[in-house]
Amino acid sequence: MAKAISGDFDFPVSRARTEHPAADRAHSLLETIHSPADLKSLSLAELETLCQELRDFTVQLVSRTGGHLAPSLGVVELTVALHALYDAPRDKMIWDVGHQAYIHKILTGRRERMESLRQYGGISGFLKRSESEYDAFGAGHASTSIAAALGMAEARDLKGENHHVIAIIGDGAMTGGLAFEALNNAGSSGRDLLVIVNDNRMSISPNVGAICHYLTTLTTNPVFKRVRKAALHYLEKVPLGEPMSEVVKKMETGIKNFLLPGAFFQSLGFSYYGPVDGHNMEELTWVLDKLKLCKGPTLLHVVTVKGKGWDRSEADSNIWHGVGAFDRDTGKVKSSSGGPVPYTKVFAKHLTEMARSNQRLVAVTAAMADGTGLVKFAAAFPQRFYDVGIAEAHGVCFSAGLAAEGMRPVAAIYSTFLQRALDQIIHDVGIQKLPVTFCLDRAGLVGADGPTHHGVFDLTYMRMVPGMVVSAPKDANELRDLLETSQTYDDGPFSIRYPKAAPRRSTPDRPARALTIGSWEELRPGDRVALLAVGTMVENTMDAAEALAGEGLEVGVINCRFIKPLDDALLADLASRYEHLVTVEENVLQGGFGSAVSEWFIARGGTLPCLHQRGIPDRFIPHGSRGELLAEVGLDASSLADCVRDILSPTQVPH
């Protein structure tokens with residue numbers, strides 16, 4: 001039964017389609033869907049059947065490939081309804097973040113390629129314009145959809161075109177300031193634009209903040225529910241002529257003024273409709289069909305369940321948000337057990353231990369309590385843990401405020417996400433020389449998540465901030481050492497970068513100790529060539545050196561754990577002992593560690609060794625396993641050994 005919703009409809013109420021029994025089919029409905037056009041002729045019952053098949057397909061797919069499962073399961077009906085009623089790619093659908101877009105990919109001609117999801121050379125786990133004409137706008141970071149959609153709507157009108165533009169944004173992404181900047185601009189623009197808020201009260205972890213509370217009040221207010229039900233009954237019984245539509249408008253306005261459902265969005269210039277059950281296909285198709293006729297900025301509030309349709313993901317959508325390959329029957333993730341402890345766990349455990357003796361130490365993250373390992377810290381010190389939501393810029397400025405009043409904040413944010421707070425790092429932390437410690441998880445090539453998530457720029461953007469100490473540990477012990485060191489530095493910010501993976505060469509096995517800032521260590525002496533390695537690259541350079549030693553080539557390996565400041569004394573000593581120095585970093589070459597060493601030598605003049613730089617080339621690196629990507633960019637042990645062989649070749653031209 002179609003439901004009336006908040007908003008000023010001035011068109012007759014009608015059912016979205018006539019139901020009829022699903023046609024007999026020799027195979028599944030999903031196998032007949034090759035593009036959104038194939039959805040147009042399906043009945044309501046068939047669309048509902050298709051939704052179940054899509055859920056089964058997605059669970060089976062992700063069990064083999066890994067990926068973002070719960071977000072995609074939560075938007076099955078919404079995605080099907082959108083593609084059934086709108087005309088993509090002419091109509092533009094802009095999905096926020098992109099990890100909710102697997103169903104969109106399946107319905108837009110990529111079903112048979114989905115087995116290559118997140119694999120090297122295969123389908124991306126996020127939206128990608130170069131992958132399909134149906135991916136109207138690339139996405140990997142949250143909160144971008146409304147701004148991009150408004151830009152597309154403006155371009156449409158400037159070109160005199162006539163098509164729909166729809167932004168689909170999760171309530172988690174609504175915690176990002178960019179989303180509100182776009183809402184403010186879009187509401188005053190008067191442009192025809194539909195924003196769909198997918199409200200599941202989750203981002204990755206449960207949502208925090210006032211906007212989450214506000215949306216929850218709209219869906220749970222019992223008075224509003226009763227009034228809504230009465231309005232529904234009234235609208236269904238009375239034919240809607242022009243006079244009655246005016247009555248309904250006044251009635252709805254009165255309800256809005258009394259209960260304020262959607263008043264915030266309306267104050268920004270949007271017509272608000274909802275909340276709508278995001279798993280009720282009949283209600284969704286009816287509402288979306290009507291909204292196609294609406295003019296101006298329009299917002300539809302859709303309530304969904306993250307992980308819907310599979311008992312395991314419904315029970316714990318946090319665990320099943322993003323997952324590796326797993327056994328569908330048991331739910332057990334197919335990952336190796338034992339071995340070294342991942343950097344993230346080492347960080348979280350030691351930070352918690354430090355906080356027991358340092359009452360000024362506080363932890364800040366941006367919707368990544370689980371990803372950064374800070375859940376246990378939050379449990380141990382709830383009054384000293386802050387999750388600011390998907391709002392990295394706010395999180396950094398908030399940390400600056402804490403530091404200004406004598407606290408020692410540790411901001412744990414993924415390298416790729418911290419890029420969004422560059423101005424705050426410079427303006428609010430750097431200029432004021434505030435002692436904020438930045439712990440950059442997922443630094444380097446992260447693998448299957450691809451170019452939107454590779455943390456390969458932070459050495460560059462952190463190194464350029466005056467007074468910033470920039471560091472990277474070679475192993476778990478050194479990560480703990482650097483955390484201790486960061487709390488002794490009072491002259492400005494301190495950054496520590498580390499990968500998602502576990503170090504191969506050590507687990508914590510000794511007490512942590514503070515290091516001399518700027519100090520390096522020579523791990524292996526050599527002849528003619530020395531490899532100056534940063535963080536994760538120490539392991540690979542040691543492997544390369546060991547392989548070369550078997551050929552009679554002794555190569556030096558230096559652990560350059562501080563990228564800023566450099567070890568002046570050791571660098572000068574290395575220049576006197578080696579003909580060739582090779583800098584090795586899992587960061588872009590532009591402005592990174594190699595640039596720092598080059599600048600150091602240029603500033604000193606005189607006789608210089610031959611300097612070679614190895615790092616991420618000047619292009620965006622695709623998705624794939626970390627091993628495959630390191631090999632592609634020449635940072636695996638085999639490639640580094642080849643680099644040394646080339647350097648020592650008689651035909652090598654110095655450069």
# chains A, B, ... in the order shown; residues from 1 in each chain; ligands from 1
>>> residues_around(residues="Ser116 of chain A", least_positions_apart="2", cutoff="12 Å", atoms="only C-alpha atoms", output="list in words")
Leu61, Val62, Arg64, Thr65, Gly66, Gly67, Arg110, Arg111, Glu112, Arg113, Met114, Arg118, Gln119, Tyr120, Gly121, Gly122, Ile123, Ser124, Gly125, Ala448, His623 and Gly624 of chain A
>>> residues_around(residues="Tyr86 of chain A", least_positions_apart="5", cutoff="9 Å", atoms="only C-alpha atoms", output="list in words")
Pro36, Ala81, Asp91, Lys92, His164, Leu288, Asp289 and Lys292 of chain A
>>> residues_around(residues="Asn200 of chain A", least_positions_apart="4", cutoff="7 Å", atoms="only C-alpha atoms", output="MDAnalysis selection string")
chainID A and resid 171 303:306
>>> select_by_dssp(residues="segment 377-596 of chain A", states="alpha helix (DSSP H)", output="count of residues only")
68
>>> closest_residue(among="A:Leu50, A:Leu351, A:Ile94, A:Leu434", to="Ala512 of chain A", atoms="only C-alpha atoms")
A:Leu351
>>> closest_atom_pairs(of="segment 96-200 of chain A", to="segment 388-398 of chain A", cutoff="7 Å", atoms="only C-alpha atoms", output="JSON lines")
{"residue": "A:Ala173", "atom": "CA", "partner": "A:Ile390", "partner_atom": "CA", "distance": 6.3}
{"residue": "A:Thr175", "atom": "CA", "partner": "A:Ile390", "partner_atom": "CA", "distance": 5.4}
{"residue": "A:Gly176", "atom": "CA", "partner": "A:Ala391", "partner_atom": "CA", "distance": 4.7}
{"residue": "A:Gly177", "atom": "CA", "partner": "A:Ala391", "partner_atom": "CA", "distance": 6.3}
>>> write_last_selection(atoms="N, CA and C atoms", output="JSON list (two decimals), in the first residue's frame")
[["chain", "number", "residue", "atom", "x", "y", "z"],
["A", 173, "ALA", "N", 28.34, 9.67, 5.93],
["A", 173, "ALA", "CA", 29.02, 10.70, 5.14],
["A", 173, "ALA", "C", 28.47, 12.08, 5.45],
["A", 175, "THR", "N", 28.28, 13.32, 8.22],
["A", 175, "THR", "CA", 29.05, 13.92, 9.31],
["A", 175, "THR", "C", 30.21, 14.75, 8.78],
["A", 176, "GLY", "N", 30.47, 14.67, 7.48],
["A", 176, "GLY", "CA", 31.55, 15.43, 6.87],
["A", 176, "GLY", "C", 31.13, 16.84, 6.53],
["A", 177, "GLY", "N", 31.97, 17.79, 6.81],
["A", 177, "GLY", "CA", 31.63, 19.19, 6.56],
["A", 177, "GLY", "C", 31.39, 19.50, 5.10]]
>>> closest_residue(among="A:Arg420, A:Arg614, A:Lys159, A:Lys128", to="Ser143 of chain A", atoms="only C-alpha atoms")
A:Arg420
>>> atom_distance(atom1="atom CA of Ser399 of chain A", atom2="atom CA of Pro499 of chain A")
22.7 Å
>>> decode(residues="segment 427-470 of chain A", atoms="C-alpha atoms", output="mmCIF file, in the first residue's frame")
data_model
loop_
_atom_site.group_PDB
_atom_site.id
_atom_site.type_symbol
_atom_site.label_atom_id
_atom_site.label_comp_id
_atom_site.auth_asym_id
_atom_site.auth_seq_id
_atom_site.Cartn_x
_atom_site.Cartn_y
_atom_site.Cartn_z
ATOM 1 C CA HIS A 427 47.446 26.665 9.798
ATOM 2 C CA ASP A 428 46.106 25.396 13.113
ATOM 3 C CA VAL A 429 48.840 23.007 14.244
ATOM 4 C CA GLY A 430 52.057 23.895 12.407
ATOM 5 C CA ILE A 431 52.056 27.683 12.658
ATOM 6 C CA GLN A 432 51.241 27.501 16.368
ATOM 7 C CA LYS A 433 53.872 24.795 16.982
ATOM 8 C CA LEU A 434 51.371 22.655 18.863
ATOM 9 C CA PRO A 435 52.447 19.178 20.034
ATOM 10 C CA VAL A 436 49.930 17.060 18.145
ATOM 11 C CA THR A 437 51.072 13.540 17.254
ATOM 12 C CA PHE A 438 49.735 12.319 13.916
ATOM 13 C CA CYS A 439 49.623 8.525 13.544
ATOM 14 C CA LEU A 440 49.024 7.745 9.885
ATOM 15 C CA ASP A 441 47.660 4.234 9.457
ATOM 16 C CA ARG A 442 47.404 2.606 5.997
ATOM 17 C CA ALA A 443 50.490 4.456 4.760
ATOM 18 C CA GLY A 444 51.932 3.326 1.434
ATOM 19 C CA LEU A 445 50.222 1.111 -1.135
ATOM 20 C CA VAL A 446 47.152 -0.351 0.542
ATOM 21 C CA GLY A 447 46.299 -2.921 -2.131
ATOM 22 C CA ALA A 448 42.741 -3.751 -3.168
ATOM 23 C CA ASP A 449 41.168 -0.397 -2.261
ATOM 24 C CA GLY A 450 43.236 1.255 -4.977
ATOM 25 C CA PRO A 451 44.213 4.821 -5.857
ATOM 26 C CA THR A 452 41.634 6.582 -3.678
ATOM 27 C CA HIS A 453 43.086 4.872 -0.609
ATOM 28 C CA HIS A 454 46.816 4.555 -1.313
ATOM 29 C CA GLY A 455 48.643 6.540 1.370
ATOM 30 C CA VAL A 456 51.530 7.673 -0.811
ATOM 31 C CA PHE A 457 51.537 11.456 -0.344
ATOM 32 C CA ASP A 458 52.001 11.969 3.391
ATOM 33 C CA LEU A 459 55.807 12.134 3.487
ATOM 34 C CA THR A 460 55.527 14.999 1.019
ATOM 35 C CA TYR A 461 52.757 16.979 2.660
ATOM 36 C CA MET A 462 54.033 16.429 6.198
ATOM 37 C CA ARG A 463 57.660 17.196 5.310
ATOM 38 C CA MET A 464 56.782 20.645 3.985
ATOM 39 C CA VAL A 465 55.331 21.824 7.329
ATOM 40 C CA PRO A 466 57.941 23.823 9.301
ATOM 41 C CA GLY A 467 58.700 22.257 12.673
ATOM 42 C CA MET A 468 57.054 18.930 11.815
ATOM 43 C CA VAL A 469 58.984 15.796 12.751
ATOM 44 C CA VAL A 470 58.317 13.111 10.131
#
